[in-house]
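Source file: data.cif (mmCIF, C-alpha atoms)
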```cif
data_work
#
loop_
_atom_site.label_atom_id
_atom_site.label_comp_id
_atom_site.auth_asym_id
_atom_site.auth_seq_id
_atom_site.Cartn_x
_atom_site.Cartn_y
_atom_site.Cartn_z
CA MET V 1 134.37 95.75 8.09
CA GLU V 2 134.15 98.47 5.45
CA PHE V 3 133.66 95.89 2.69
CA TYR V 4 130.37 94.83 4.24
CA VAL V 5 129.36 98.48 4.37
CA VAL V 6 130.11 98.71 0.63
CA LEU V 7 127.83 95.71 0.01
CA ILE V 8 125.03 97.23 2.09
CA LEU V 9 125.23 100.66 0.48
CA SER V 10 125.61 99.31 -3.06
CA THR V 11 122.64 96.98 -2.45
CA ILE V 12 120.51 99.94 -1.39
CA MET V 13 121.59 101.78 -4.52
CA GLY V 14 121.02 98.82 -6.83
CA LEU V 15 117.66 97.67 -5.49
CA SER V 16 116.30 101.24 -5.37
CA ILE V 17 115.53 100.74 -9.05
CA PHE V 18 112.53 98.64 -7.90
CA VAL V 19 110.89 101.69 -6.27
CA SER V 20 109.52 102.61 -9.69
CA TYR V 21 108.38 99.04 -10.44
CA PRO V 22 104.83 99.43 -8.98
CA LEU V 23 104.34 102.63 -10.99
CA VAL V 24 105.46 100.95 -14.20
CA ILE V 25 103.46 97.74 -13.76
CA HIS V 26 100.25 99.31 -12.42
CA GLY V 27 97.22 100.08 -14.51
CA ARG V 28 96.45 100.44 -18.20
CA LEU V 29 97.38 103.49 -20.20
CA SER V 30 96.00 104.93 -23.41
CA PRO V 31 98.25 104.69 -26.50
CA LYS V 32 98.77 108.47 -26.41
CA THR V 33 99.82 108.46 -22.74
CA SER V 34 102.13 105.49 -23.34
CA THR V 35 103.75 107.35 -26.23
CA TYR V 36 104.43 110.44 -24.14
CA LEU V 37 105.76 108.39 -21.22
CA ASN V 38 108.08 106.60 -23.64
CA GLY V 39 109.32 110.02 -24.74
CA PHE V 40 109.95 110.91 -21.11
CA ALA V 41 111.96 107.70 -20.72
CA ILE V 42 114.01 108.55 -23.81
CA GLY V 43 114.87 111.91 -22.27
CA ILE V 44 116.18 110.17 -19.15
CA LEU V 45 118.30 107.84 -21.28
CA ILE V 46 119.74 110.77 -23.24
CA PHE V 47 120.73 112.37 -19.96
CA LEU V 48 122.37 109.12 -18.83
CA ILE V 49 124.54 109.18 -21.97
CA ALA V 50 125.64 112.73 -21.13
CA ASP V 51 126.19 111.80 -17.49
CA VAL V 52 128.31 108.74 -18.25
CA PHE V 53 130.33 110.57 -20.90
CA SER V 54 131.10 113.38 -18.47
CA ASP V 55 132.67 110.79 -16.16
CA ALA V 56 134.69 109.34 -19.04
CA ALA V 57 135.74 112.79 -20.25
CA SER V 58 137.28 113.60 -16.87
CA ILE V 59 139.67 110.68 -17.48
CA MET V 60 140.34 111.17 -21.21
CA TYR V 61 140.90 114.92 -21.30
CA ASN V 62 144.09 115.46 -19.34
CA GLY V 63 144.80 119.01 -20.51
CA SER V 64 148.16 118.20 -22.09
CA LEU V 65 147.56 120.49 -25.10
CA TYR V 66 146.90 123.98 -23.70
CA GLY V 67 144.23 122.55 -21.47
CA TYR V 68 142.43 120.70 -24.27
CA GLY V 69 144.58 117.65 -24.86
CA SER V 70 143.42 114.10 -24.37
CA SER V 71 145.13 110.77 -23.81
CA PHE V 72 145.34 108.59 -26.93
CA PRO V 73 145.38 105.27 -25.01
CA TYR V 74 142.37 106.32 -22.95
CA ASP V 75 140.60 107.65 -26.05
CA SER V 76 141.19 104.35 -27.84
CA GLU V 77 139.88 102.30 -24.93
CA PHE V 78 136.71 104.36 -24.71
CA ILE V 79 136.04 104.33 -28.47
CA LEU V 80 136.58 100.58 -28.77
CA ALA V 81 134.29 99.96 -25.78
CA LEU V 82 131.71 102.34 -27.30
CA ILE V 83 131.72 100.36 -30.55
CA ALA V 84 131.52 97.08 -28.63
CA GLY V 85 128.55 98.27 -26.55
CA PHE V 86 126.66 99.32 -29.66
CA GLY V 87 127.67 96.26 -31.67
CA ILE V 88 126.85 93.68 -29.00
CA LEU V 89 123.28 94.97 -28.60
CA HIS V 90 122.89 95.26 -32.38
CA VAL V 91 123.73 91.56 -32.72
CA ALA V 92 121.60 90.65 -29.69
CA SER V 93 118.58 92.51 -31.06
CA ARG V 94 118.81 90.52 -34.29
CA ALA V 95 118.77 87.19 -32.47
CA SER V 96 115.49 85.31 -32.66
CA GLY V 97 113.40 85.00 -29.54
CA LYS V 98 109.90 84.09 -28.42
CA GLU V 99 109.28 87.25 -26.41
CA PRO V 100 107.58 90.23 -28.09
CA GLU V 101 109.85 92.90 -29.51
CA MET V 102 108.94 95.43 -26.82
CA ALA V 103 109.78 92.93 -24.08
CA ARG V 104 113.19 92.31 -25.65
CA LEU V 105 113.72 96.05 -25.85
CA SER V 106 113.08 96.34 -22.11
CA VAL V 107 115.78 93.73 -21.47
CA LEU V 108 118.23 95.52 -23.78
CA ILE V 109 117.55 98.80 -21.99
CA ALA V 110 118.17 97.04 -18.68
CA VAL V 111 121.53 95.81 -20.00
CA GLY V 112 122.56 99.35 -20.98
CA ILE V 113 121.46 100.80 -17.64
CA GLY V 114 123.13 97.90 -15.83
CA LEU V 115 126.46 98.77 -17.44
CA GLN V 116 126.02 102.37 -16.34
CA ASN V 117 125.14 101.27 -12.81
CA LEU V 118 128.20 99.03 -12.74
CA THR V 119 130.39 102.13 -13.11
CA GLU V 120 128.48 103.82 -10.27
CA GLY V 121 129.17 100.83 -8.06
CA LEU V 122 132.86 100.97 -9.00
CA VAL V 123 132.96 104.63 -7.99
CA LEU V 124 131.31 103.90 -4.64
CA GLY V 125 133.61 100.99 -3.83
CA SER V 126 136.70 102.95 -4.79
CA ILE V 127 135.78 106.06 -2.79
CA LEU V 128 134.83 104.07 0.29
CA PHE V 129 138.13 102.20 0.10
CA GLN V 130 140.12 105.44 -0.25
CA ILE V 131 138.39 107.79 2.19
CA GLY V 132 136.26 105.51 4.37
CA LEU V 133 132.89 106.42 5.85
CA VAL V 134 132.57 110.19 5.63
CA GLY V 135 129.77 112.57 4.73
CA ILE V 136 130.66 112.70 1.04
CA THR V 137 130.12 108.95 0.76
CA PHE V 138 126.55 109.17 2.03
CA VAL V 139 125.86 112.16 -0.22
CA LEU V 140 127.12 110.06 -3.14
CA VAL V 141 124.94 107.11 -2.15
CA LEU V 142 121.89 109.37 -1.81
CA GLY V 143 122.44 110.90 -5.24
CA PHE V 144 123.00 107.54 -6.95
CA THR V 145 119.99 106.04 -5.18
CA ILE V 146 117.63 108.80 -6.32
CA GLN V 147 118.98 108.52 -9.85
CA ASN V 148 118.53 104.74 -9.84
CA ILE V 149 114.87 105.18 -8.87
CA THR V 150 114.28 107.12 -12.10
CA GLU V 151 116.17 104.51 -14.15
CA GLY V 152 113.52 101.88 -13.57
CA PHE V 153 111.10 103.86 -15.69
CA PRO V 154 112.98 103.58 -19.02
CA ILE V 155 113.21 99.81 -18.52
CA GLY V 156 109.45 99.44 -18.24
CA ALA V 157 108.56 102.15 -20.76
CA PRO V 158 108.51 99.96 -23.92
CA THR V 159 105.87 97.68 -22.36
CA LEU V 160 103.54 100.45 -21.18
CA GLY V 161 100.03 99.91 -22.49
CA THR V 162 100.77 96.28 -23.37
CA PRO V 163 98.08 94.13 -21.72
CA ASP V 164 99.91 90.79 -22.00
CA ARG V 165 103.30 91.89 -20.67
CA SER V 166 105.03 89.53 -18.24
CA ARG V 167 105.55 90.92 -14.74
CA ILE V 168 108.19 88.27 -14.09
CA LEU V 169 110.14 89.27 -17.20
CA LEU V 170 109.89 92.92 -16.25
CA ALA V 171 111.09 92.18 -12.70
CA ALA V 172 114.02 90.24 -14.19
CA ALA V 173 114.85 93.23 -16.39
CA PHE V 174 114.82 95.49 -13.32
CA MET V 175 117.22 93.08 -11.63
CA ILE V 176 119.52 93.16 -14.67
CA GLY V 177 119.57 96.94 -14.37
CA GLY V 178 120.15 97.10 -10.61
CA LEU V 179 122.32 94.09 -9.74
CA PRO V 180 125.49 95.41 -11.47
CA THR V 181 125.58 98.23 -8.91
CA ILE V 182 126.24 95.66 -6.18
CA ILE V 183 128.82 93.83 -8.31
CA GLY V 184 130.55 97.10 -9.13
CA GLY V 185 130.63 98.14 -5.47
CA ALA V 186 132.33 94.89 -4.45
CA ALA V 187 134.80 94.99 -7.36
CA GLY V 188 135.58 98.69 -6.91
CA TYR V 189 136.53 98.18 -3.27
CA TYR V 190 139.35 95.80 -4.24
CA PHE V 191 140.24 96.95 -7.74
CA ASN V 192 139.75 100.22 -9.58
CA SER V 193 141.59 101.92 -12.42
CA PRO V 194 140.85 104.66 -14.99
CA SER V 195 141.04 102.13 -17.84
CA PHE V 196 138.62 99.80 -16.09
CA ASN V 197 136.11 102.61 -15.61
CA LEU V 198 136.52 103.87 -19.20
CA ILE V 199 135.78 100.45 -20.67
CA PHE V 200 132.47 100.14 -18.82
CA ASP V 201 131.61 103.79 -19.50
CA GLY V 202 132.12 103.17 -23.22
CA LEU V 203 130.07 99.97 -23.14
CA ALA V 204 127.25 101.80 -21.34
CA VAL V 205 127.17 104.77 -23.74
CA GLY V 206 127.23 102.50 -26.81
CA ALA V 207 124.49 100.26 -25.44
CA ILE V 208 122.21 103.10 -24.34
CA PHE V 209 122.70 104.89 -27.67
CA TYR V 210 121.60 101.78 -29.52
CA ILE V 211 118.44 101.22 -27.49
CA ILE V 212 117.33 104.83 -27.87
CA LEU V 213 117.04 104.48 -31.66
CA PRO V 214 114.08 102.03 -31.81
CA MET V 215 112.36 103.99 -29.02
CA PHE V 216 112.64 107.18 -31.06
CA ARG V 217 111.27 105.42 -34.10
CA SER V 218 108.35 104.03 -32.12
CA ILE V 219 107.16 107.23 -30.45
CA PHE V 220 107.39 109.40 -33.54
CA LEU V 221 105.54 106.85 -35.65
CA LYS V 222 102.75 106.78 -33.05
CA ALA V 223 102.77 110.53 -32.37
CA GLY V 224 102.46 111.89 -35.86
CA GLY V 225 101.15 115.30 -36.92
CA PRO V 226 100.35 117.82 -34.21
CA ALA V 227 101.03 115.26 -31.48
CA ALA V 228 104.70 115.16 -32.49
CA GLY V 229 105.25 118.50 -30.75
CA SER V 230 104.06 117.03 -27.45
CA ALA V 231 106.37 114.06 -27.96
CA TYR V 232 109.30 116.48 -28.36
CA ILE V 233 108.35 118.14 -25.09
CA SER V 234 108.08 114.80 -23.28
CA VAL V 235 111.61 113.85 -24.39
CA PHE V 236 112.93 117.22 -23.24
CA MET V 237 111.14 116.94 -19.89
CA GLY V 238 112.70 113.52 -19.31
CA PHE V 239 116.15 115.03 -19.88
CA VAL V 240 115.40 117.92 -17.50
CA VAL V 241 114.17 115.56 -14.77
CA GLY V 242 117.34 113.46 -15.16
CA LEU V 243 119.43 116.61 -14.82
CA ILE V 244 117.58 117.82 -11.73
CA VAL V 245 117.80 114.40 -10.04
CA ASN V 246 121.53 114.29 -10.75
CA LEU V 247 121.99 117.68 -9.08
CA VAL V 248 120.59 116.39 -5.78
#
```
Encoded form (structure tokens):
Amino acid sequence: MEFYVVLILSTIMGLSIFVSYPLVIHGRLSPKTSTYLNGFAIGILIFLIADVFSDAASIMYNGSLYGYGSSFPYDSEFILALIAGFGILHVASRASGKEPEMARLSVLIAVGIGLQNLTEGLVLGSILFQIGLVGITFVLVLGFTIQNITEGFPIGAPTLGTPDRSRILLAAAFMIGGLPTIIGGAAGYYFNSPSFNLIFDGLAVGAIFYIILPMFRSIFLKAGGPAAGSAYISVFMGFVVGLIVNLV
């Protein structure tokens, strides 16, 4: 019976990413507003890197050397996955395609966020299997759900202010970002290990790091001169909002 509960809760978590879809798809924005909102999205992505790495660090750093030691096998797994996450998206971004560059970037962002959400699903499935339905599980679901709502924004950010963007493509990108939560929940209920989690944490950090780079380049090319200071603030505010949401 608990497995079906995992599917229900992980589905709520995963599909909550669509709460931000109407906000992303609605209306036309000025180039300046789009630039600042892209900066805000970058800040959220930077926080996600820190958030995912903190999960990985709790596995790697085992305190064997006066409280600061780490595990070489775990370190190696994470680093190799990190390189793979970065490298796979680097190759994918060089592949030819008919969609505009910004649309492809949205899909790549969705892939990075999807990998991060897969680890969240794994955590949910594992905890529910180990401790069952208790208050901490619902607190966990609430926190992940609120965080997932904010994650929809970075996916749509590259297409903001683009009049010919495809709503179907954007919805598909949202699904790519949210669906892995459900898959992770189901997998985590039956199988979970530190190595398994580290691999997907590394893939997520590498992928998100890669997709941040073209977004940085874009906003600071568009927000030159005095406007660059406002772009800095928008990136910082995105990070702060990600932090606050994660504290809920």
Pick from V:Val24, V:Val6, V:Ile146, V:Met60, whichever lies nearest to Ser76 of chain V using only C-alpha atoms: V:Met60
Spatial neighbours of segment 234-247 of chain V, max dist 9 Å, all atoms listed in the file, sep filter under 4 positions, as a ChimeraX atom specification: /V:36-48,51,143-144,146-147,150,229-230
For the file shown, report as a ChimeraX atom specification the outcome of the PyMOL selection byres ((chain V and resi 210) around 12) at residue level. /V:42,45-46,49,82-93,105,108-109,111-113,203-209,211-217
Hits from the PyMOL selection byres ((chain V and resi 186) around 8), listed as a ChimeraX atom specification: /V:3,6-7,121-122,125,182-185,187-190
Residues from last step as file, C-alpha atoms, as an mmCIF file, in the frame of the given file:
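The new file out_36.cif reads:
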```cif
data_model
loop_
_atom_site.group_PDB
_atom_site.id
_atom_site.type_symbol
_atom_site.label_atom_id
_atom_site.label_comp_id
_atom_site.auth_asym_id
_atom_site.auth_seq_id
_atom_site.Cartn_x
_atom_site.Cartn_y
_atom_site.Cartn_z
ATOM 1 C CA PHE V 3 133.660 95.890 2.690
ATOM 2 C CA VAL V 6 130.110 98.710 0.630
ATOM 3 C CA LEU V 7 127.830 95.710 0.010
ATOM 4 C CA GLY V 121 129.170 100.830 -8.060
ATOM 5 C CA LEU V 122 132.860 100.970 -9.000
ATOM 6 C CA GLY V 125 133.610 100.990 -3.830
ATOM 7 C CA ILE V 182 126.240 95.660 -6.180
ATOM 8 C CA ILE V 183 128.820 93.830 -8.310
ATOM 9 C CA GLY V 184 130.550 97.100 -9.130
ATOM 10 C CA GLY V 185 130.630 98.140 -5.470
ATOM 11 C CA ALA V 187 134.800 94.990 -7.360
ATOM 12 C CA GLY V 188 135.580 98.690 -6.910
ATOM 13 C CA TYR V 189 136.530 98.180 -3.270
ATOM 14 C CA TYR V 190 139.350 95.800 -4.240
#
```
So that I can see what lies close to Gly177 of chain V, please list as a count of residues only the residues with an atom at most 10 Å from it, counting all atoms listed in the file and leaving out residues fewer than 5 positions away in the same chain. 22
Return as a ChimeraX atom specification the set of residues that the PyMOL selection byres ((chain V and resi 56) around 8) yields on the displayed structure. /V:52-55,57-60,78,197-198,201-202
Using C-alpha atoms, can you export the residues from the last selection as a CSV table (one decimal), in the coordinates of the input?
```
chain,number,residue,atom,x,y,z
V,52,VAL,CA,128.3,108.7,-18.2
V,53,PHE,CA,130.3,110.6,-20.9
V,54,SER,CA,131.1,113.4,-18.5
V,55,ASP,CA,132.7,110.8,-16.2
V,57,ALA,CA,135.7,112.8,-20.2
V,58,SER,CA,137.3,113.6,-16.9
V,59,ILE,CA,139.7,110.7,-17.5
V,60,MET,CA,140.3,111.2,-21.2
V,78,PHE,CA,136.7,104.4,-24.7
V,197,ASN,CA,136.1,102.6,-15.6
V,198,LEU,CA,136.5,103.9,-19.2
V,201,ASP,CA,131.6,103.8,-19.5
V,202,GLY,CA,132.1,103.2,-23.2
```
Using all atoms listed in the file, which residue out of V:Phe191, V:Phe220, V:Phe174, V:Phe200 lies closest to Tyr21 of chain V?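 Nearest to Tyr21 of chain V: V:Phe174.
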Interatomic distance (Å, one decimal) between atom CA of Pro194 of chain V and atom CA of Val123 of chain V: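 Here the two named atoms are 10.5 Å from each other.
Reported to one decimal place, the separation of atom CA of Leu169 of chain V from atom CA of Thr11 of chain V is 20.8 Å.
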To one decimal place, how far is atom CA of Thr119 of chain V from atom CA of Leu23 of chain V in Å? 26.1 Å
Which residue, V:Ile219, V:Ile233, V:Ala103, V:Leu142, has the smallest gap to Met13 of chain V when you use only C-alpha atoms? V:Leu142
Where atoms are missing, can you supply N, CA and C atoms for segment 111-124 of chain V and output the lot as a PDB file, in the frame of the given file?
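Output (rebuild_31.pdb):
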```pdb
ATOM      1  N   VAL V 111     120.107  96.110 -19.834  1.00  0.00           N
ATOM      2  CA  VAL V 111     121.530  95.810 -20.000  1.00  0.00           C
ATOM      3  C   VAL V 111     122.338  97.111 -20.066  1.00  0.00           C
ATOM      4  N   GLY V 112     121.860  98.068 -20.868  1.00  0.00           N
ATOM      5  CA  GLY V 112     122.560  99.350 -20.980  1.00  0.00           C
ATOM      6  C   GLY V 112     122.619 100.085 -19.653  1.00  0.00           C
ATOM      7  N   ILE V 113     121.500 100.131 -18.937  1.00  0.00           N
ATOM      8  CA  ILE V 113     121.460 100.800 -17.640  1.00  0.00           C
ATOM      9  C   ILE V 113     122.304 100.032 -16.624  1.00  0.00           C
ATOM     10  N   GLY V 114     122.306  98.702 -16.730  1.00  0.00           N
ATOM     11  CA  GLY V 114     123.130  97.900 -15.830  1.00  0.00           C
ATOM     12  C   GLY V 114     124.608  98.209 -15.975  1.00  0.00           C
ATOM     13  N   LEU V 115     125.063  98.397 -17.215  1.00  0.00           N
ATOM     14  CA  LEU V 115     126.460  98.770 -17.440  1.00  0.00           C
ATOM     15  C   LEU V 115     126.770 100.120 -16.816  1.00  0.00           C
ATOM     16  N   GLN V 116     125.822 101.049 -16.949  1.00  0.00           N
ATOM     17  CA  GLN V 116     126.020 102.370 -16.340  1.00  0.00           C
ATOM     18  C   GLN V 116     126.045 102.273 -14.819  1.00  0.00           C
ATOM     19  N   ASN V 117     125.184 101.436 -14.260  1.00  0.00           N
ATOM     20  CA  ASN V 117     125.140 101.270 -12.810  1.00  0.00           C
ATOM     21  C   ASN V 117     126.373 100.534 -12.285  1.00  0.00           C
ATOM     22  N   LEU V 118     126.971  99.697 -13.136  1.00  0.00           N
ATOM     23  CA  LEU V 118     128.200  99.030 -12.740  1.00  0.00           C
ATOM     24  C   LEU V 118     129.297 100.063 -12.463  1.00  0.00           C
ATOM     25  N   THR V 119     129.387 101.081 -13.322  1.00  0.00           N
ATOM     26  CA  THR V 119     130.390 102.130 -13.110  1.00  0.00           C
ATOM     27  C   THR V 119     130.103 102.918 -11.837  1.00  0.00           C
ATOM     28  N   GLU V 120     128.818 103.130 -11.516  1.00  0.00           N
ATOM     29  CA  GLU V 120     128.480 103.820 -10.270  1.00  0.00           C
ATOM     30  C   GLU V 120     128.926 102.999  -9.062  1.00  0.00           C
ATOM     31  N   GLY V 121     128.716 101.690  -9.135  1.00  0.00           N
ATOM     32  CA  GLY V 121     129.170 100.830  -8.060  1.00  0.00           C
ATOM     33  C   GLY V 121     130.683 100.857  -7.911  1.00  0.00           C
ATOM     34  N   LEU V 122     131.401 100.884  -9.032  1.00  0.00           N
ATOM     35  CA  LEU V 122     132.860 100.970  -9.000  1.00  0.00           C
ATOM     36  C   LEU V 122     133.317 102.245  -8.306  1.00  0.00           C
ATOM     37  N   VAL V 123     132.625 103.345  -8.619  1.00  0.00           N
ATOM     38  CA  VAL V 123     132.960 104.630  -7.990  1.00  0.00           C
ATOM     39  C   VAL V 123     132.750 104.556  -6.483  1.00  0.00           C
ATOM     40  N   LEU V 124     131.601 104.004  -6.074  1.00  0.00           N
ATOM     41  CA  LEU V 124     131.310 103.900  -4.640  1.00  0.00           C
ATOM     42  C   LEU V 124     132.348 103.053  -3.923  1.00  0.00           C
TER      43      LEU V 124
END
```
